[in-house]
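Below you'll find the structure, written out as structure tokens, and then a few comments.
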Amino acid sequence: AAADAVAAPVVIYMHGFTGQKEHGLEVGYQLAQAGFACIAFDAMAHGARDDGRIEAIAAGAQNTYPAASGLDMYLFMHQVIVQNSQDVQTLLSALADNHRFDFARLGVTGVSMGGFSSFYLAANSEVVRAAAPVIGIPAFSQRWEDVLLEASTYTEWRPQLELAVEQSRVHSAWMREIDPYLKLAAYAPRPLFMVSGDLDTDSPKVYSVRLLRELTPAYAPQPAQLRLKIYDGARHEFTSAMRADVVEWFQRHL
């Protein structure tokens with residue numbers, strides 16, 4: 001780049017569970033057209049970093065919970081979310097001296113697991129200046145307790161779940177430890193745009209609605225910095241309308 005080139009604001013994109021960095025190409029291209037540098041990477045055990053762990057959990061040989069419940073996979077997804085935060089810090093350190101990037105204007109976004117990761121990063125990193133989690137959940141502990149309770153209502157799963165009571169206590173404690181929900185009040189009044197699908201059953205909108213209620217007082221001096229948009233008819237998907245709104249959010253706030 002030319003010595004007098006203006007450094008671009010940066011948006012980090014994080015893909016969904018079982019996805020890969022290339023899934024961010026479309027929104028990345030739109031962000032680039034709007035003047036941003038977009039950085040996407042393969043999460044732990046995904047894409048070029050695939051090490052067979054997801055396949056092993058799917059096979060179920062060493063699982064704690066009934067394979068059909070998906071609980072072991074859900075736990076592993078949260079391990080990936082925590083690692084995503086560490087990977088972002090590694091990227092920022094590695095690129096700190098690259099004059100093409102203005103990390104003082106850093107945004108994060110991501111879809112599904114990447115949306116969870118965006119909430120987690122916003123809650124745990126002071127360098128994030130704007131966030132747009134897409135079809136993710138901010139309440140890790142509450143969601144875990146809900147899916148665990150739901151699983152217990154299936155008669156055929158109950159015996160294995162009863163054998164895993166102690167492991168479930170450990171897992172629940174870890175979910176509370178990593179949960180970004182209560183930490184997000186300290187993120188205010190930095191811009192937070194939550195994107196939900198009205199018909200999304202994988203990442204139900206209710207958790208973002210609850211967070212909106214919790215955060216509204218903290219954003220009272222700057223209410224335009226906090227937004228939840230629920231897209232009519234949208235399921236667990238990143239629609240073109242969502243992409244356009246995410247790009248516009250970063251244009252306005254970065």
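In the structure tokens, the first chain shown is A, the next is B, and so on; residue numbers restart at 1 for each chain, and ligands run from 1 in the order shown.
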_Contact residues around range 141-151 of chain A with only C-alpha atoms at 8 Å, ignoring same-chain residues under 2 positions, as a VMD selection string_ = chain A and resid 69 71 137 139 153 to 154 157 to 158 172 175 to 176 179
_Applying 12 Å and only C-alpha atoms, which residues near Lys21 in chain A remain after dropping the ones on its own chain fewer than 5 positions away? List them as number ranges by chain._
A: 12-16, 26-28, 38-44, 46-49, 110-111, 114
Mind writing the picked residues with N, CA and C atoms as a PDB file, in the first residue's frame?
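Output saved as result-v1.pdb:
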```
ATOM      1  N   ILE A  12     -14.149  -7.942  11.840  1.00  0.00           N
ATOM      2  CA  ILE A  12     -13.818  -9.362  11.903  1.00  0.00           C
ATOM      3  C   ILE A  12     -15.105 -10.168  11.791  1.00  0.00           C
ATOM      4  N   TYR A  13     -15.100 -11.124  10.868  1.00  0.00           N
ATOM      5  CA  TYR A  13     -16.255 -11.996  10.639  1.00  0.00           C
ATOM      6  C   TYR A  13     -15.942 -13.389  11.159  1.00  0.00           C
ATOM      7  N   MET A  14     -16.896 -13.975  11.910  1.00  0.00           N
ATOM      8  CA  MET A  14     -16.737 -15.339  12.429  1.00  0.00           C
ATOM      9  C   MET A  14     -17.887 -16.213  11.949  1.00  0.00           C
ATOM     10  N   HIS A  15     -17.530 -17.344  11.371  1.00  0.00           N
ATOM     11  CA  HIS A  15     -18.522 -18.222  10.743  1.00  0.00           C
ATOM     12  C   HIS A  15     -19.260 -19.075  11.774  1.00  0.00           C
ATOM     13  N   GLY A  16     -20.233 -19.837  11.273  1.00  0.00           N
ATOM     14  CA  GLY A  16     -21.041 -20.691  12.124  1.00  0.00           C
ATOM     15  C   GLY A  16     -20.425 -22.053  12.378  1.00  0.00           C
ATOM     16  N   GLU A  26     -19.375 -13.144   1.030  1.00  0.00           N
ATOM     17  CA  GLU A  26     -20.382 -12.222   0.490  1.00  0.00           C
ATOM     18  C   GLU A  26     -20.469 -10.952   1.330  1.00  0.00           C
ATOM     19  N   VAL A  27     -20.611 -11.105   2.653  1.00  0.00           N
ATOM     20  CA  VAL A  27     -20.678  -9.903   3.490  1.00  0.00           C
ATOM     21  C   VAL A  27     -19.324  -9.201   3.515  1.00  0.00           C
ATOM     22  N   GLY A  28     -18.240  -9.980   3.405  1.00  0.00           N
ATOM     23  CA  GLY A  28     -16.910  -9.378   3.353  1.00  0.00           C
ATOM     24  C   GLY A  28     -16.741  -8.498   2.133  1.00  0.00           C
ATOM     25  N   CYS A  38     -12.159  -6.501   5.883  1.00  0.00           N
ATOM     26  CA  CYS A  38     -12.864  -7.598   6.545  1.00  0.00           C
ATOM     27  C   CYS A  38     -11.912  -8.773   6.699  1.00  0.00           C
ATOM     28  N   ILE A  39     -11.792  -9.266   7.917  1.00  0.00           N
ATOM     29  CA  ILE A  39     -10.908 -10.385   8.213  1.00  0.00           C
ATOM     30  C   ILE A  39     -11.758 -11.562   8.671  1.00  0.00           C
ATOM     31  N   ALA A  40     -11.606 -12.691   8.012  1.00  0.00           N
ATOM     32  CA  ALA A  40     -12.300 -13.918   8.400  1.00  0.00           C
ATOM     33  C   ALA A  40     -11.260 -15.015   8.605  1.00  0.00           C
ATOM     34  N   PHE A  41     -11.548 -15.916   9.520  1.00  0.00           N
ATOM     35  CA  PHE A  41     -10.612 -17.013   9.785  1.00  0.00           C
ATOM     36  C   PHE A  41     -11.388 -18.288  10.087  1.00  0.00           C
ATOM     37  N   ASP A  42     -10.721 -19.431   9.880  1.00  0.00           N
ATOM     38  CA  ASP A  42     -11.317 -20.711  10.243  1.00  0.00           C
ATOM     39  C   ASP A  42     -11.224 -20.893  11.750  1.00  0.00           C
ATOM     40  N   ALA A  43     -12.353 -21.183  12.372  1.00  0.00           N
ATOM     41  CA  ALA A  43     -12.361 -21.445  13.806  1.00  0.00           C
ATOM     42  C   ALA A  43     -11.671 -22.773  14.104  1.00  0.00           C
ATOM     43  N   MET A  44     -11.306 -22.965  15.362  1.00  0.00           N
ATOM     44  CA  MET A  44     -10.721 -24.227  15.802  1.00  0.00           C
ATOM     45  C   MET A  44     -11.590 -25.401  15.339  1.00  0.00           C
ATOM     46  N   HIS A  46     -12.325 -26.321  12.388  1.00  0.00           N
ATOM     47  CA  HIS A  46     -13.138 -26.029  11.209  1.00  0.00           C
ATOM     48  C   HIS A  46     -12.252 -25.706  10.012  1.00  0.00           C
ATOM     49  N   GLY A  47     -12.807 -25.900   8.830  1.00  0.00           N
ATOM     50  CA  GLY A  47     -12.120 -25.524   7.607  1.00  0.00           C
ATOM     51  C   GLY A  47     -10.732 -26.124   7.516  1.00  0.00           C
ATOM     52  N   ALA A  48      -9.731 -25.279   7.260  1.00  0.00           N
ATOM     53  CA  ALA A  48      -8.352 -25.761   7.148  1.00  0.00           C
ATOM     54  C   ALA A  48      -7.813 -26.270   8.478  1.00  0.00           C
ATOM     55  N   ARG A  49      -8.514 -25.998   9.582  1.00  0.00           N
ATOM     56  CA  ARG A  49      -8.077 -26.452  10.912  1.00  0.00           C
ATOM     57  C   ARG A  49      -8.868 -27.684  11.371  1.00  0.00           C
ATOM     58  N   GLY A 110     -20.652 -11.967  13.131  1.00  0.00           N
ATOM     59  CA  GLY A 110     -20.571 -13.395  12.876  1.00  0.00           C
ATOM     60  C   GLY A 110     -21.968 -13.975  12.882  1.00  0.00           C
ATOM     61  N   VAL A 111     -22.074 -15.177  12.334  1.00  0.00           N
ATOM     62  CA  VAL A 111     -23.372 -15.812  12.119  1.00  0.00           C
ATOM     63  C   VAL A 111     -23.477 -17.085  12.950  1.00  0.00           C
ATOM     64  N   GLY A 114     -20.827 -17.823  15.205  1.00  0.00           N
ATOM     65  CA  GLY A 114     -20.122 -16.550  15.091  1.00  0.00           C
ATOM     66  C   GLY A 114     -20.864 -15.414  15.766  1.00  0.00           C
TER      67      GLY A 114
END
```
*Write down as a PyMOL selection string the residues belonging to range 39-157 of chain A that are assigned alpha helix (DSSP H) by DSSP computed on the backbone.*
chain A and resi 53-59+71-94+113-124+140-152
*Calculate how many Å separate CA of Met73 in chain A from CA of Met113 in chain A, rounding to one decimal.*
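A separation of 11.9 Å between them.
Interatomic distance, CA of Phe116 in chain A against CA of Ile81 in chain A: 7.0 Å.
For the pair CA of Lys205 in chain A and CA of Ile135 in chain A, the separation is 8.0 Å.
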*Extract the full set of strand (DSSP E) residues from range 131-225 of chain A according to DSSP on the backbone, and format it as a ChimeraX atom specification.*
/A:131-134,192-197
Let me see the file: selected residues, C-alpha atoms, as a PDB file, in the first residue's frame.
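Okay, this is what ended up in result-v1.pdb:
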```pdb
ATOM      1  CA  ALA A 131     -20.648  -5.351  17.300  1.00  0.00           C
ATOM      2  CA  ALA A 132     -23.332  -6.959  15.163  1.00  0.00           C
ATOM      3  CA  PRO A 133     -24.067 -10.532  16.315  1.00  0.00           C
ATOM      4  CA  VAL A 134     -26.243 -12.342  13.759  1.00  0.00           C
ATOM      5  CA  LEU A 192     -24.542  -3.192  19.601  1.00  0.00           C
ATOM      6  CA  PHE A 193     -26.827  -4.419  16.817  1.00  0.00           C
ATOM      7  CA  MET A 194     -28.553  -7.754  17.501  1.00  0.00           C
ATOM      8  CA  VAL A 195     -29.947  -9.601  14.478  1.00  0.00           C
ATOM      9  CA  SER A 196     -32.605 -12.294  14.955  1.00  0.00           C
ATOM     10  CA  GLY A 197     -34.880 -14.328  12.727  1.00  0.00           C
TER      11      GLY A 197
END
```
*Which residue gives the smallest distance to Arg129 in chain A among A:Lys229, A:Arg252, A:Arg210, A:His236, with only C-alpha atoms counted?*
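Of the candidates, the smallest distance to Arg129 in chain A is held by A:Arg252.
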I'd like the neighbourhood of Val10 in chain A as a PDB file with N, CA, C and O atoms, in the first residue's frame, where a residue qualifies if any of its atoms comes within 12 Å (using only C-alpha atoms), though same-chain residues fewer than 2 positions away should be ignored.
```pdb
ATOM      1  N   ALA A   7      -5.608   4.170   6.511  1.00  0.00           N
ATOM      2  CA  ALA A   7      -5.914   2.854   7.075  1.00  0.00           C
ATOM      3  C   ALA A   7      -7.419   2.658   7.158  1.00  0.00           C
ATOM      4  O   ALA A   7      -8.162   3.575   7.506  1.00  0.00           O
ATOM      5  N   ALA A   8      -7.849   1.453   6.832  1.00  0.00           N
ATOM      6  CA  ALA A   8      -9.277   1.150   6.811  1.00  0.00           C
ATOM      7  C   ALA A   8      -9.752   0.643   8.162  1.00  0.00           C
ATOM      8  O   ALA A   8      -9.031  -0.095   8.854  1.00  0.00           O
ATOM      9  N   ILE A  12     -14.149  -7.942  11.840  1.00  0.00           N
ATOM     10  CA  ILE A  12     -13.818  -9.362  11.903  1.00  0.00           C
ATOM     11  C   ILE A  12     -15.105 -10.168  11.791  1.00  0.00           C
ATOM     12  O   ILE A  12     -16.082  -9.906  12.504  1.00  0.00           O
ATOM     13  N   TYR A  13     -15.100 -11.124  10.868  1.00  0.00           N
ATOM     14  CA  TYR A  13     -16.255 -11.996  10.639  1.00  0.00           C
ATOM     15  C   TYR A  13     -15.942 -13.389  11.159  1.00  0.00           C
ATOM     16  O   TYR A  13     -14.872 -13.946  10.873  1.00  0.00           O
ATOM     17  N   GLY A  28     -18.240  -9.980   3.405  1.00  0.00           N
ATOM     18  CA  GLY A  28     -16.910  -9.378   3.353  1.00  0.00           C
ATOM     19  C   GLY A  28     -16.741  -8.498   2.133  1.00  0.00           C
ATOM     20  O   GLY A  28     -16.160  -7.403   2.215  1.00  0.00           O
ATOM     21  N   LEU A  31     -18.703  -5.340   2.729  1.00  0.00           N
ATOM     22  CA  LEU A  31     -17.974  -4.475   3.655  1.00  0.00           C
ATOM     23  C   LEU A  31     -16.801  -3.790   2.945  1.00  0.00           C
ATOM     24  O   LEU A  31     -16.542  -2.600   3.157  1.00  0.00           O
ATOM     25  N   ALA A  32     -16.091  -4.545   2.103  1.00  0.00           N
ATOM     26  CA  ALA A  32     -14.967  -3.965   1.372  1.00  0.00           C
ATOM     27  C   ALA A  32     -15.437  -2.850   0.443  1.00  0.00           C
ATOM     28  O   ALA A  32     -14.786  -1.805   0.322  1.00  0.00           O
ATOM     29  N   ALA A  34     -17.792  -0.938   0.999  1.00  0.00           N
ATOM     30  CA  ALA A  34     -18.139   0.197   1.856  1.00  0.00           C
ATOM     31  C   ALA A  34     -16.916   0.818   2.519  1.00  0.00           C
ATOM     32  O   ALA A  34     -17.049   1.766   3.300  1.00  0.00           O
ATOM     33  N   GLY A  35     -15.730   0.285   2.216  1.00  0.00           N
ATOM     34  CA  GLY A  35     -14.502   0.900   2.715  1.00  0.00           C
ATOM     35  C   GLY A  35     -13.873   0.233   3.918  1.00  0.00           C
ATOM     36  O   GLY A  35     -12.933   0.775   4.504  1.00  0.00           O
ATOM     37  N   PHE A  36     -14.349  -0.954   4.273  1.00  0.00           N
ATOM     38  CA  PHE A  36     -13.805  -1.668   5.421  1.00  0.00           C
ATOM     39  C   PHE A  36     -12.825  -2.758   4.980  1.00  0.00           C
ATOM     40  O   PHE A  36     -12.918  -3.288   3.871  1.00  0.00           O
ATOM     41  N   ALA A  37     -11.905  -3.078   5.865  1.00  0.00           N
ATOM     42  CA  ALA A  37     -11.128  -4.305   5.725  1.00  0.00           C
ATOM     43  C   ALA A  37     -11.864  -5.373   6.509  1.00  0.00           C
ATOM     44  O   ALA A  37     -12.206  -5.180   7.682  1.00  0.00           O
ATOM     45  N   CYS A  38     -12.159  -6.501   5.883  1.00  0.00           N
ATOM     46  CA  CYS A  38     -12.864  -7.598   6.545  1.00  0.00           C
ATOM     47  C   CYS A  38     -11.912  -8.773   6.699  1.00  0.00           C
ATOM     48  O   CYS A  38     -11.290  -9.212   5.726  1.00  0.00           O
ATOM     49  N   ILE A  39     -11.792  -9.266   7.917  1.00  0.00           N
ATOM     50  CA  ILE A  39     -10.908 -10.385   8.213  1.00  0.00           C
ATOM     51  C   ILE A  39     -11.758 -11.562   8.671  1.00  0.00           C
ATOM     52  O   ILE A  39     -12.555 -11.437   9.610  1.00  0.00           O
ATOM     53  N   ALA A  40     -11.606 -12.691   8.012  1.00  0.00           N
ATOM     54  CA  ALA A  40     -12.300 -13.918   8.400  1.00  0.00           C
ATOM     55  C   ALA A  40     -11.260 -15.015   8.605  1.00  0.00           C
ATOM     56  O   ALA A  40     -10.210 -15.012   7.963  1.00  0.00           O
ATOM     57  N   LEU A  91      -4.697 -12.618  16.109  1.00  0.00           N
ATOM     58  CA  LEU A  91      -4.724 -11.893  14.838  1.00  0.00           C
ATOM     59  C   LEU A  91      -4.398 -10.418  15.032  1.00  0.00           C
ATOM     60  O   LEU A  91      -3.617  -9.837  14.269  1.00  0.00           O
ATOM     61  N   LEU A  92      -4.984  -9.818  16.050  1.00  0.00           N
ATOM     62  CA  LEU A  92      -4.742  -8.398  16.290  1.00  0.00           C
ATOM     63  C   LEU A  92      -3.278  -8.136  16.610  1.00  0.00           C
ATOM     64  O   LEU A  92      -2.696  -7.148  16.148  1.00  0.00           O
ATOM     65  N   LEU A  95      -1.167  -8.476  13.378  1.00  0.00           N
ATOM     66  CA  LEU A  95      -1.400  -7.445  12.365  1.00  0.00           C
ATOM     67  C   LEU A  95      -1.262  -6.030  12.910  1.00  0.00           C
ATOM     68  O   LEU A  95      -1.540  -5.057  12.204  1.00  0.00           O
ATOM     69  N   ALA A  96      -0.826  -5.915  14.155  1.00  0.00           N
ATOM     70  CA  ALA A  96      -0.792  -4.602  14.816  1.00  0.00           C
ATOM     71  C   ALA A  96       0.027  -3.575  14.053  1.00  0.00           C
ATOM     72  O   ALA A  96      -0.292  -2.376  14.065  1.00  0.00           O
ATOM     73  N   ASN A  98       0.515  -3.504  10.778  1.00  0.00           N
ATOM     74  CA  ASN A  98       0.100  -3.398   9.379  1.00  0.00           C
ATOM     75  C   ASN A  98      -0.658  -2.079   9.196  1.00  0.00           C
ATOM     76  O   ASN A  98      -1.738  -1.888   9.743  1.00  0.00           O
ATOM     77  N   HIS A  99      -0.074  -1.178   8.419  1.00  0.00           N
ATOM     78  CA  HIS A  99      -0.616   0.175   8.306  1.00  0.00           C
ATOM     79  C   HIS A  99      -1.874   0.255   7.445  1.00  0.00           C
ATOM     80  O   HIS A  99      -2.468   1.332   7.319  1.00  0.00           O
ATOM     81  N   ARG A 100      -2.290  -0.877   6.876  1.00  0.00           N
ATOM     82  CA  ARG A 100      -3.540  -0.869   6.103  1.00  0.00           C
ATOM     83  C   ARG A 100      -4.760  -0.894   7.014  1.00  0.00           C
ATOM     84  O   ARG A 100      -5.868  -0.578   6.575  1.00  0.00           O
ATOM     85  N   PHE A 101      -4.565  -1.296   8.280  1.00  0.00           N
ATOM     86  CA  PHE A 101      -5.687  -1.531   9.182  1.00  0.00           C
ATOM     87  C   PHE A 101      -5.716  -0.510  10.311  1.00  0.00           C
ATOM     88  O   PHE A 101      -4.690  -0.236  10.937  1.00  0.00           O
ATOM     89  N   ASP A 102      -6.900   0.019  10.574  1.00  0.00           N
ATOM     90  CA  ASP A 102      -7.107   0.923  11.696  1.00  0.00           C
ATOM     91  C   ASP A 102      -7.862   0.174  12.792  1.00  0.00           C
ATOM     92  O   ASP A 102      -9.097   0.141  12.814  1.00  0.00           O
ATOM     93  N   PHE A 103      -7.117  -0.437  13.706  1.00  0.00           N
ATOM     94  CA  PHE A 103      -7.740  -1.251  14.747  1.00  0.00           C
ATOM     95  C   PHE A 103      -8.360  -0.412  15.859  1.00  0.00           C
ATOM     96  O   PHE A 103      -8.985  -0.960  16.770  1.00  0.00           O
ATOM     97  N   ALA A 104      -8.188   0.896  15.796  1.00  0.00           N
ATOM     98  CA  ALA A 104      -8.929   1.766  16.717  1.00  0.00           C
ATOM     99  C   ALA A 104     -10.405   1.822  16.335  1.00  0.00           C
ATOM    100  O   ALA A 104     -11.233   2.269  17.121  1.00  0.00           O
ATOM    101  N   ARG A 105     -10.699   1.377  15.117  1.00  0.00           N
ATOM    102  CA  ARG A 105     -12.084   1.278  14.639  1.00  0.00           C
ATOM    103  C   ARG A 105     -12.347  -0.178  14.275  1.00  0.00           C
ATOM    104  O   ARG A 105     -12.373  -0.565  13.113  1.00  0.00           O
ATOM    105  N   LEU A 106     -12.524  -1.003  15.298  1.00  0.00           N
ATOM    106  CA  LEU A 106     -12.661  -2.446  15.126  1.00  0.00           C
ATOM    107  C   LEU A 106     -14.096  -2.880  15.409  1.00  0.00           C
ATOM    108  O   LEU A 106     -14.645  -2.592  16.472  1.00  0.00           O
ATOM    109  N   GLY A 107     -14.679  -3.587  14.452  1.00  0.00           N
ATOM    110  CA  GLY A 107     -16.003  -4.161  14.635  1.00  0.00           C
ATOM    111  C   GLY A 107     -15.947  -5.669  14.551  1.00  0.00           C
ATOM    112  O   GLY A 107     -15.027  -6.247  13.958  1.00  0.00           O
ATOM    113  N   VAL A 108     -16.923  -6.332  15.175  1.00  0.00           N
ATOM    114  CA  VAL A 108     -17.015  -7.791  15.092  1.00  0.00           C
ATOM    115  C   VAL A 108     -18.424  -8.182  14.690  1.00  0.00           C
ATOM    116  O   VAL A 108     -19.406  -7.572  15.120  1.00  0.00           O
ATOM    117  N   THR A 109     -18.502  -9.197  13.869  1.00  0.00           N
ATOM    118  CA  THR A 109     -19.785  -9.777  13.490  1.00  0.00           C
ATOM    119  C   THR A 109     -19.574 -11.259  13.252  1.00  0.00           C
ATOM    120  O   THR A 109     -18.441 -11.739  13.173  1.00  0.00           O
ATOM    121  N   VAL A 127     -11.245  -3.572  23.026  1.00  0.00           N
ATOM    122  CA  VAL A 127     -10.884  -2.998  21.730  1.00  0.00           C
ATOM    123  C   VAL A 127     -12.022  -3.052  20.720  1.00  0.00           C
ATOM    124  O   VAL A 127     -11.947  -2.422  19.665  1.00  0.00           O
ATOM    125  N   VAL A 128     -13.078  -3.801  21.014  1.00  0.00           N
ATOM    126  CA  VAL A 128     -14.217  -3.883  20.103  1.00  0.00           C
ATOM    127  C   VAL A 128     -15.015  -2.588  20.211  1.00  0.00           C
ATOM    128  O   VAL A 128     -15.533  -2.248  21.265  1.00  0.00           O
ATOM    129  N   ARG A 129     -15.119  -1.872  19.085  1.00  0.00           N
ATOM    130  CA  ARG A 129     -15.809  -0.578  19.089  1.00  0.00           C
ATOM    131  C   ARG A 129     -17.255  -0.677  18.612  1.00  0.00           C
ATOM    132  O   ARG A 129     -18.054   0.233  18.862  1.00  0.00           O
ATOM    133  N   ALA A 130     -17.599  -1.734  17.891  1.00  0.00           N
ATOM    134  CA  ALA A 130     -18.977  -1.933  17.424  1.00  0.00           C
ATOM    135  C   ALA A 130     -19.173  -3.415  17.167  1.00  0.00           C
ATOM    136  O   ALA A 130     -18.252  -4.101  16.711  1.00  0.00           O
ATOM    137  N   ALA A 131     -20.378  -3.921  17.459  1.00  0.00           N
ATOM    138  CA  ALA A 131     -20.648  -5.351  17.300  1.00  0.00           C
ATOM    139  C   ALA A 131     -22.002  -5.554  16.645  1.00  0.00           C
ATOM    140  O   ALA A 131     -22.951  -4.796  16.879  1.00  0.00           O
ATOM    141  N   VAL A 247     -23.845  -4.148   7.320  1.00  0.00           N
ATOM    142  CA  VAL A 247     -22.890  -3.244   6.670  1.00  0.00           C
ATOM    143  C   VAL A 247     -23.236  -1.797   7.009  1.00  0.00           C
ATOM    144  O   VAL A 247     -22.358  -0.987   7.350  1.00  0.00           O
ATOM    145  N   PHE A 250     -22.136  -0.804  10.562  1.00  0.00           N
ATOM    146  CA  PHE A 250     -20.714  -0.485  10.705  1.00  0.00           C
ATOM    147  C   PHE A 250     -20.371   0.832   9.999  1.00  0.00           C
ATOM    148  O   PHE A 250     -19.509   1.593  10.476  1.00  0.00           O
ATOM    149  N   GLN A 251     -21.015   1.115   8.872  1.00  0.00           N
ATOM    150  CA  GLN A 251     -20.801   2.410   8.217  1.00  0.00           C
ATOM    151  C   GLN A 251     -21.177   3.560   9.158  1.00  0.00           C
ATOM    152  O   GLN A 251     -20.487   4.583   9.205  1.00  0.00           O
ATOM    153  N   HIS A 253     -21.307   3.488  12.524  1.00  0.00           N
ATOM    154  CA  HIS A 253     -20.667   3.531  13.845  1.00  0.00           C
ATOM    155  C   HIS A 253     -19.149   3.368  13.825  1.00  0.00           C
ATOM    156  O   HIS A 253     -18.513   3.566  14.857  1.00  0.00           O
ATOM    157  N   LEU A 254     -18.569   2.991  12.699  1.00  0.00           N
ATOM    158  CA  LEU A 254     -17.110   2.906  12.630  1.00  0.00           C
ATOM    159  C   LEU A 254     -16.522   3.961  11.694  1.00  0.00           C
ATOM    160  O   LEU A 254     -15.321   4.028  11.545  1.00  0.00           O
TER     161      LEU A 254
END
```
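Using only C-alpha atoms, the shortest contact distance between Ala164 in chain A and any of A:Gln83, A:Leu215, A:Ala58, A:Ser152 is found at A:Ser152.
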_Which residues are close to Leu163 in chain A, i.e. within 10 Å by only C-alpha atoms, leaving aside same-chain residues fewer than 4 positions away? Reply as a list of chain:residue names._
A:Thr64, A:Tyr65, A:Arg158, A:Pro159, A:Gln167, A:Ser168
Keeping N, CA, C and O atoms, export the residues of the selection given above as a compact mmCIF listing (two decimals), in the first residue's frame.
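Output (again-v5.txt):
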```
# COMPACT_ATOMS: atom_id res chain seq x y z
N THR A 64 -20.87 -37.82 26.64
CA THR A 64 -21.48 -37.84 27.97
C THR A 64 -22.98 -37.99 27.87
O THR A 64 -23.60 -38.67 28.70
N TYR A 65 -23.57 -37.39 26.85
CA TYR A 65 -25.02 -37.31 26.73
C TYR A 65 -25.53 -38.15 25.56
O TYR A 65 -24.74 -38.56 24.70
N ARG A 158 -33.62 -40.04 29.51
CA ARG A 158 -33.54 -39.78 30.94
C ARG A 158 -32.51 -40.64 31.67
O ARG A 158 -31.75 -40.12 32.50
N PRO A 159 -32.42 -41.96 31.41
CA PRO A 159 -31.43 -42.76 32.15
C PRO A 159 -29.99 -42.27 31.96
O PRO A 159 -29.23 -42.17 32.93
N GLN A 167 -21.51 -34.49 35.88
CA GLN A 167 -20.89 -33.81 34.73
C GLN A 167 -21.72 -32.59 34.32
O GLN A 167 -21.17 -31.55 33.95
N SER A 168 -23.03 -32.70 34.42
CA SER A 168 -23.90 -31.57 34.07
C SER A 168 -23.68 -30.40 35.01
O SER A 168 -23.72 -29.24 34.59
```
*Within 10 Å of Ala188 in chain A, counting only C-alpha atoms, which residues qualify if same-chain residues fewer than 5 places away don't, as a PyMOL selection string?*
chain A and resi 122-123+183+215-220+222+225-226
